[in-house]
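Q: I'm passing along entry_1.txt; it holds compact mmCIF, C-alpha atoms and all ligand atoms.
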```
# COMPACT_ATOMS: atom_id res chain seq x y z
CA MET A 2 52.30 -39.93 -9.20
CA SER A 3 49.27 -41.77 -7.81
CA GLY A 4 46.37 -39.53 -6.76
CA ASP A 5 45.48 -41.98 -4.00
CA PRO A 6 47.07 -40.81 -0.70
CA ALA A 7 47.05 -44.40 0.64
CA VAL A 8 49.14 -45.57 -2.31
CA ARG A 9 51.48 -42.58 -1.94
CA ALA A 10 51.88 -43.28 1.78
CA SER A 11 52.60 -46.96 1.31
CA LYS A 12 55.17 -46.06 -1.33
CA ALA A 13 56.81 -43.49 0.94
CA GLN A 14 57.14 -46.12 3.67
CA ARG A 15 58.59 -48.74 1.36
CA PRO A 16 62.37 -48.94 1.70
CA ARG A 17 64.40 -48.96 -1.50
CA ARG A 18 65.20 -52.51 -2.50
CA MET A 19 68.92 -53.18 -2.83
CA ALA A 20 70.46 -56.32 -4.34
CA PRO A 21 71.38 -58.10 -1.03
CA ALA A 22 67.71 -57.93 0.06
CA PHE A 23 66.83 -60.56 -2.52
CA ALA A 24 68.81 -63.39 -0.88
CA GLU A 25 67.10 -62.37 2.38
CA MET A 26 63.70 -62.68 0.70
CA LYS A 27 64.62 -66.17 -0.44
CA ARG A 28 65.71 -67.12 3.08
CA ARG A 29 62.37 -65.90 4.41
CA GLY A 30 60.50 -67.78 1.67
CA GLU A 31 59.03 -64.52 0.35
CA PRO A 32 58.16 -64.71 -3.38
CA ILE A 33 59.91 -62.08 -5.52
CA VAL A 34 57.77 -60.08 -7.94
CA ALA A 35 59.47 -58.70 -11.03
CA VAL A 36 58.16 -57.03 -14.18
CA THR A 37 59.77 -55.35 -17.14
CA ALA A 38 59.39 -51.63 -17.81
CA TYR A 39 60.92 -49.43 -20.47
CA ASP A 40 59.50 -45.99 -19.69
CA PHE A 41 58.78 -43.53 -16.87
CA PRO A 42 54.99 -43.99 -16.41
CA THR A 43 55.13 -47.80 -16.47
CA ALA A 44 57.95 -47.77 -13.92
CA ARG A 45 55.94 -45.40 -11.67
CA ILE A 46 52.78 -47.50 -11.91
CA ALA A 47 54.57 -50.84 -11.37
CA ASP A 48 56.41 -49.35 -8.40
CA ASP A 49 53.20 -47.96 -6.91
CA ALA A 50 51.79 -51.48 -7.25
CA GLY A 51 54.65 -52.69 -5.04
CA VAL A 52 56.76 -54.85 -7.35
CA ASP A 53 60.18 -55.79 -5.95
CA LEU A 54 62.24 -55.53 -9.12
CA ILE A 55 61.92 -53.69 -12.43
CA LEU A 56 63.87 -55.19 -15.29
CA VAL A 57 64.59 -52.90 -18.21
CA GLY A 58 64.79 -55.93 -20.46
CA ASP A 59 66.22 -56.00 -23.95
CA SER A 60 62.74 -57.36 -24.78
CA LEU A 61 62.46 -53.61 -25.42
CA GLY A 62 63.48 -54.58 -28.96
CA THR A 63 60.48 -56.81 -29.62
CA VAL A 64 57.69 -55.25 -27.52
CA VAL A 65 58.48 -51.54 -27.97
CA LEU A 66 60.84 -51.00 -30.90
CA GLY A 67 59.20 -53.44 -33.32
CA TYR A 68 62.20 -55.69 -34.03
CA GLU A 69 61.73 -59.43 -34.61
CA SER A 70 64.30 -60.34 -31.96
CA THR A 71 66.38 -58.68 -29.26
CA LEU A 72 69.55 -58.87 -31.37
CA PRO A 73 69.39 -55.35 -32.92
CA VAL A 74 69.05 -53.63 -29.52
CA THR A 75 72.02 -51.36 -28.77
CA MET A 76 73.65 -49.99 -25.62
CA GLU A 77 72.30 -46.56 -26.56
CA ASP A 78 68.73 -47.94 -26.75
CA MET A 79 69.12 -49.60 -23.35
CA LEU A 80 70.67 -46.57 -21.65
CA HIS A 81 67.93 -44.31 -23.05
CA HIS A 82 65.13 -46.50 -21.66
CA THR A 83 66.88 -47.41 -18.40
CA SER A 84 67.30 -43.67 -17.71
CA ALA A 85 63.56 -43.12 -18.27
CA VAL A 86 62.79 -45.88 -15.74
CA THR A 87 65.23 -44.64 -13.07
CA ARG A 88 63.82 -41.09 -13.41
CA ALA A 89 60.66 -42.56 -11.83
CA ARG A 90 62.81 -43.10 -8.69
CA PRO A 91 61.24 -46.46 -7.93
CA ALA A 92 61.68 -48.20 -4.59
CA ALA A 93 62.01 -51.40 -6.63
CA LEU A 94 65.48 -52.51 -7.71
CA VAL A 95 66.15 -51.42 -11.31
CA VAL A 96 68.10 -53.93 -13.39
CA GLY A 97 69.48 -52.91 -16.78
CA ASP A 98 69.72 -55.71 -19.34
CA MET A 99 73.00 -55.83 -21.24
CA PRO A 100 72.21 -56.07 -24.97
CA PHE A 101 73.73 -58.45 -27.52
CA MET A 102 77.42 -57.73 -28.22
CA SER A 103 77.84 -55.43 -25.21
CA TYR A 104 79.58 -58.05 -23.05
CA GLN A 105 80.56 -61.03 -25.22
CA VAL A 106 83.81 -59.64 -26.67
CA SER A 107 85.84 -59.45 -23.45
CA ALA A 108 85.50 -59.08 -19.70
CA GLU A 109 86.87 -55.51 -20.09
CA GLN A 110 84.11 -54.64 -22.55
CA ALA A 111 81.55 -56.14 -20.15
CA VAL A 112 82.82 -54.13 -17.15
CA LEU A 113 82.87 -50.87 -19.14
CA ASN A 114 79.32 -51.34 -20.44
CA ALA A 115 77.99 -52.50 -17.05
CA GLY A 116 79.51 -49.31 -15.62
CA ARG A 117 77.62 -47.22 -18.18
CA PHE A 118 74.30 -48.66 -16.93
CA VAL A 119 75.15 -47.45 -13.41
CA GLN A 120 76.91 -44.15 -14.21
CA GLU A 121 74.84 -42.91 -17.15
CA ALA A 122 71.43 -44.53 -16.55
CA GLY A 123 71.26 -44.91 -12.77
CA ALA A 124 70.66 -48.69 -12.75
CA ASP A 125 71.04 -50.60 -9.47
CA ALA A 126 72.25 -53.79 -11.17
CA ILE A 127 72.73 -55.37 -14.58
CA LYS A 128 71.65 -58.65 -16.16
CA LEU A 129 73.45 -60.69 -18.79
CA GLU A 130 72.75 -63.98 -20.51
CA GLY A 131 74.80 -67.18 -20.41
CA GLY A 132 76.76 -69.48 -18.13
CA GLU A 133 80.36 -70.62 -18.47
CA ARG A 134 81.15 -68.27 -21.36
CA VAL A 135 80.25 -65.17 -19.30
CA ALA A 136 81.67 -66.37 -15.96
CA GLU A 137 84.80 -64.20 -16.15
CA ALA A 138 82.76 -61.14 -17.13
CA VAL A 139 80.36 -61.73 -14.22
CA ARG A 140 83.27 -62.08 -11.77
CA ARG A 141 84.88 -58.85 -12.99
CA ILE A 142 81.63 -56.84 -12.94
CA VAL A 143 80.84 -58.06 -9.40
CA GLU A 144 84.40 -57.15 -8.29
CA THR A 145 83.75 -53.65 -9.66
CA GLY A 146 80.85 -53.37 -7.22
CA ILE A 147 77.95 -53.79 -9.63
CA PRO A 148 75.34 -56.42 -8.70
CA VAL A 149 74.77 -58.96 -11.48
CA MET A 150 71.69 -60.99 -12.32
CA GLY A 151 72.38 -64.14 -14.38
CA HIS A 152 70.08 -65.59 -17.04
CA LEU A 153 70.01 -69.26 -18.16
CA GLY A 154 67.75 -71.48 -20.24
CA LEU A 155 65.95 -69.96 -23.21
CA THR A 156 68.24 -66.96 -23.48
CA PRO A 157 66.75 -64.89 -26.35
CA GLN A 158 70.10 -63.48 -27.52
CA SER A 159 70.98 -67.06 -28.59
CA VAL A 160 67.84 -67.44 -30.74
CA LEU A 161 69.88 -68.01 -33.92
CA ALA A 162 71.89 -70.80 -32.28
CA PHE A 163 68.74 -72.36 -30.76
CA GLY A 164 66.94 -72.21 -34.13
CA GLY A 165 63.90 -70.48 -32.57
CA TYR A 166 62.29 -69.77 -29.22
CA ARG A 167 62.15 -73.35 -27.91
CA VAL A 168 61.98 -74.70 -24.38
CA GLN A 169 65.55 -75.56 -23.37
CA ALA A 170 67.19 -78.28 -21.25
CA ARG A 171 64.67 -81.04 -21.85
CA GLY A 172 67.38 -83.75 -21.97
CA GLU A 173 69.44 -85.04 -19.04
CA ALA A 174 72.82 -83.77 -20.30
CA ASP A 175 71.46 -80.25 -20.88
CA GLN A 176 69.81 -80.26 -17.45
CA GLU A 177 73.12 -81.22 -15.82
CA ARG A 178 74.91 -78.47 -17.74
CA LEU A 179 72.33 -75.84 -16.78
CA THR A 180 72.54 -76.87 -13.11
CA ARG A 181 76.36 -76.69 -13.26
CA GLU A 182 76.22 -73.26 -14.85
CA ALA A 183 73.70 -72.03 -12.26
CA ARG A 184 76.10 -73.07 -9.48
CA LEU A 185 78.97 -71.38 -11.33
CA LEU A 186 77.04 -68.09 -11.65
CA GLU A 187 76.29 -68.20 -7.93
CA GLN A 188 80.01 -68.78 -7.21
CA CYS A 189 80.91 -65.85 -9.49
CA GLY A 190 78.78 -63.58 -7.30
CA CYS A 191 75.42 -63.21 -9.08
CA PHE A 192 72.80 -61.93 -6.63
CA SER A 193 69.95 -63.65 -8.51
CA LEU A 194 69.32 -65.76 -11.57
CA VAL A 195 66.62 -65.62 -14.24
CA LEU A 196 65.54 -69.08 -15.45
CA GLU A 197 63.65 -68.85 -18.73
CA GLY A 198 61.83 -71.49 -20.79
CA ILE A 199 62.87 -74.67 -19.01
CA PRO A 200 60.90 -77.62 -17.56
CA ALA A 201 59.21 -76.80 -14.25
CA ARG A 202 60.96 -79.69 -12.47
CA LEU A 203 64.36 -78.31 -13.44
CA GLY A 204 63.37 -74.80 -12.33
CA ALA A 205 62.40 -76.17 -8.93
CA ALA A 206 65.53 -78.32 -8.60
CA VAL A 207 67.89 -75.44 -9.45
CA SER A 208 66.01 -73.17 -7.05
CA ARG A 209 66.48 -75.67 -4.21
CA GLU A 210 70.17 -76.04 -5.05
CA LEU A 211 71.06 -72.31 -4.90
CA THR A 212 71.16 -69.83 -2.04
CA ILE A 213 70.58 -66.91 -4.44
CA PRO A 214 66.99 -66.50 -5.65
CA THR A 215 65.83 -67.72 -9.02
CA ILE A 216 63.33 -65.58 -10.94
CA GLY A 217 61.35 -67.73 -13.35
CA ILE A 218 59.74 -66.91 -16.67
CA GLY A 219 58.26 -70.06 -18.16
CA ALA A 220 60.24 -72.07 -15.59
CA GLY A 221 57.40 -73.27 -13.35
CA PRO A 222 56.11 -72.46 -9.87
CA GLY A 223 59.16 -73.79 -8.00
CA CYS A 224 61.26 -70.67 -8.68
CA ASP A 225 61.80 -68.14 -5.88
CA GLY A 226 60.14 -65.37 -7.87
CA GLN A 227 58.44 -64.73 -11.18
CA VAL A 228 58.98 -62.14 -13.89
CA LEU A 229 56.74 -61.29 -16.83
CA VAL A 230 57.20 -58.89 -19.69
CA SER A 231 54.77 -56.09 -18.79
CA HIS A 232 53.34 -55.88 -22.33
CA ASP A 233 52.43 -59.58 -22.08
CA LEU A 234 50.76 -59.37 -18.67
CA LEU A 235 48.93 -56.16 -19.64
CA GLY A 236 47.67 -57.56 -22.95
CA LEU A 237 49.56 -54.91 -24.87
CA HIS A 238 51.84 -57.13 -26.93
CA LEU A 239 50.68 -57.56 -30.50
CA GLY A 240 52.73 -60.67 -31.33
CA HIS A 241 52.69 -64.31 -30.22
CA THR A 242 51.77 -64.95 -26.57
CA PRO A 243 53.73 -67.82 -25.01
CA LYS A 244 51.98 -70.53 -22.95
CA PHE A 245 53.42 -69.31 -19.64
CA VAL A 246 51.93 -65.81 -19.92
CA ARG A 247 48.91 -64.97 -17.79
CA ARG A 248 47.11 -61.83 -18.94
CA TYR A 249 45.92 -59.50 -16.20
CA ALA A 250 44.48 -56.85 -18.51
CA ALA A 251 43.52 -56.30 -22.16
CA LEU A 252 45.07 -52.89 -22.68
CA ALA A 253 45.45 -53.24 -26.46
CA ASP A 254 41.67 -53.71 -26.74
CA GLU A 255 41.03 -50.79 -24.38
CA MET A 256 43.42 -48.54 -26.29
CA ARG A 257 41.89 -49.43 -29.65
CA ALA A 258 38.40 -48.74 -28.32
CA ALA A 259 39.52 -45.39 -26.85
CA PHE A 260 41.15 -44.30 -30.13
CA GLU A 261 38.00 -45.33 -32.01
CA ARG A 262 35.78 -43.34 -29.63
CA PHE A 263 38.03 -40.27 -29.98
CA ALA A 264 38.02 -40.59 -33.78
CA GLY A 265 34.21 -40.90 -33.72
CA ASP A 266 33.84 -37.82 -31.51
CA VAL A 267 36.16 -35.70 -33.70
CA ARG A 268 34.46 -36.78 -36.92
CA ALA A 269 31.00 -36.11 -35.46
CA ARG A 270 32.26 -32.76 -34.07
CA ARG A 271 31.39 -33.89 -30.52
CA TYR A 272 34.95 -33.10 -29.35
CA PRO A 273 35.92 -30.63 -27.96
CA ALA A 274 32.82 -29.54 -26.05
CA ASP A 275 32.41 -26.04 -24.57
CA GLN A 276 33.79 -27.17 -21.19
CA GLU A 277 36.90 -28.49 -22.96
CA SER A 278 37.51 -25.17 -24.71
CA TYR A 279 39.06 -21.84 -23.55
O1 LIG A 301 64.52 -58.94 -21.83
C1 LIG A 301 63.72 -59.36 -20.99
O2 LIG A 301 62.61 -58.83 -20.79
C2 LIG A 301 64.13 -60.51 -20.21
C3 LIG A 301 63.08 -61.19 -19.41
C4 LIG A 301 62.20 -61.95 -20.31
C5 LIG A 301 63.64 -62.02 -18.33
O3 LIG A 301 65.24 -60.91 -20.26
```
Transcribe the structure of this file into structure tokens.
A:
Amino acid sequence: MSGDPAVRASKAQRPRRMAPAFAEMKRRGEPIVAVTAYDFPTARIADDAGVDLILVGDSLGTVVLGYESTLPVTMEDMLHHTSAVTRARPAALVVGDMPFMSYQVSAEQAVLNAGRFVQEAGADAIKLEGGERVAEAVRRIVETGIPVMGHLGLTPQSVLAFGGYRVQARGEADQERLTREARLLEQCGCFSLVLEGIPARLGAAVSRELTIPTIGIGAGPGCDGQVLVSHDLLGLHLGHTPKFVRRYAALADEMRAAFERFAGDVRARRYPADQESY
């Protein structure tokens, strides 16, 4: 909890964001701010900062769990971390990201696993990747009463099929297909749509076409909102930093320096001092 009463007050006054509010924000032309979080303190801090949406992304696999891709992430991993985020009771909407193989087998499997995010982890909505091939699953989850966020473009769960993390939909046929699939996801009831790793002009065109908001990540300034992986924006990710990332802090450097200072103090017997002892 923030020690600053002004921050606490502004948080107390902030109404909880629910999924329908996001179409309203688009209508009002209000940019949507989204970040990822995977734990309680990050969720608290991001919420205190006033973000609109917290995505418990399956990027968990690469930025927290040390995997090379998101493919090994399981439902149990996602429920564990989504629960930690919802325990922070954020005013922001919490979206749980459905991991690889938790929704591709059948619409029934997708509904059951989406339900677990809500019942077991307290999520407000779920996200899944893909267009036409997940349309039936999206329809069924929405009918169940669970808000769904779509995800098109450079969908990381398809990294093996893409042959790497490459910008998608550069050609005309692929752009037409992505636009068609965006319309389809809107028709199936998605309340918002993540557009990842696509040309900025396409991001803007799809955003104009839809009434639901688009949340871009590497999809240019024409999207209705923007999302970044928190470890990227905080300078805490140790791997490759994509071109679209803007760093707002250098926490890895700060952490390293703090650990080094602590190690120095312990080795020089400067820590603990009398006032830090009982
Ligand atoms: O898993 C994730 O963090 C995501 C965002 C990059 C949109 O899907």
Q: Counting only C-alpha atoms and all ligand atoms, what are the residues of chain A within 7 Å of ligand LIG 301 (chain A), and for each of them which pair of atoms is the nearest and at what distance in Å, to one decimal? Sort the table by chain and rising number, as a tab-separated table.
A:
```
residue	atom	partner	partner_atom	distance
A:Thr37	CA	A:LIG301	O2	5.8
A:Leu56	CA	A:LIG301	O2	6.7
A:Val57	CA	A:LIG301	O2	6.8
A:Gly58	CA	A:LIG301	O1	3.3
A:Asp59	CA	A:LIG301	O1	4.0
A:Ser60	CA	A:LIG301	O1	3.8
A:Leu61	CA	A:LIG301	O1	6.7
A:Asp98	CA	A:LIG301	O1	6.6
A:Val195	CA	A:LIG301	C5	6.2
A:Glu197	CA	A:LIG301	C5	6.8
A:Ile218	CA	A:LIG301	C5	6.5
A:Val228	CA	A:LIG301	C5	6.4
A:Leu229	CA	A:LIG301	C4	6.5
A:Val230	CA	A:LIG301	O2	5.5
```
Q: Quick one: residues within 12 Å of Thr212 of chain A, only C-alpha atoms, excluding same-chain residues fewer than 3 positions away - as a ChimeraX atom specification?
A: /A:21,23-30,183-184,186-188,190-194,207-209,215,224-225
Q: Contacts of Ala89 of chain A at 7 Å or less, counting only C-alpha atoms, minus same-chain residues fewer than 5 places along, as a list in words?
A: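 Neighbouring residues, sequence-local ones excluded: Phe41, Ala44 and Arg45 of chain A.
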Q: Skip segment 128-145 of chain A itself and residues of its chain fewer than 2 positions away, then list as an MDAnalysis selection string all residues within 10 Å of it, counting only C-alpha atoms.
A: chainID A and resid 56:59 96:101 103:116 126 147:159 178:195
Q: Out of A:Gly226, A:Gly67, A:Gly198, A:Pro73, which residue has the shortest atom-to-atom distance to Val246 of chain A when counting all atoms listed in the file?
A: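 Counting all atoms listed in the file, the residue closest to Val246 of chain A is A:Gly198.
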Q: Counting all atoms listed in the file, I want the residues whose atoms come within 8 Å of (64.9, -79.2, -17.6) in the file frame, returned as a list in words.
A: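 It turns out the residues near that spot are Gln169, Ala170, Arg171, Gly172, Glu173, Asp175, Gln176, Ile199, Pro200, Ala201, Arg202, Leu203 and Gly204 of chain A.
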Q: Mind giving me the straight-line distance from atom CA of Arg167 of chain A to atom CA of Ser70 of chain A in Å, one decimal?
A: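 Those two atoms sit 13.8 Å apart.
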Q: Counting only C-alpha atoms, which residue out of A:Val64, A:Ile127, A:Arg18, A:Pro32 sits closest to Ala93 of chain A?
A: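 Among the listed residues, A:Arg18 lies closest to Ala93 of chain A.
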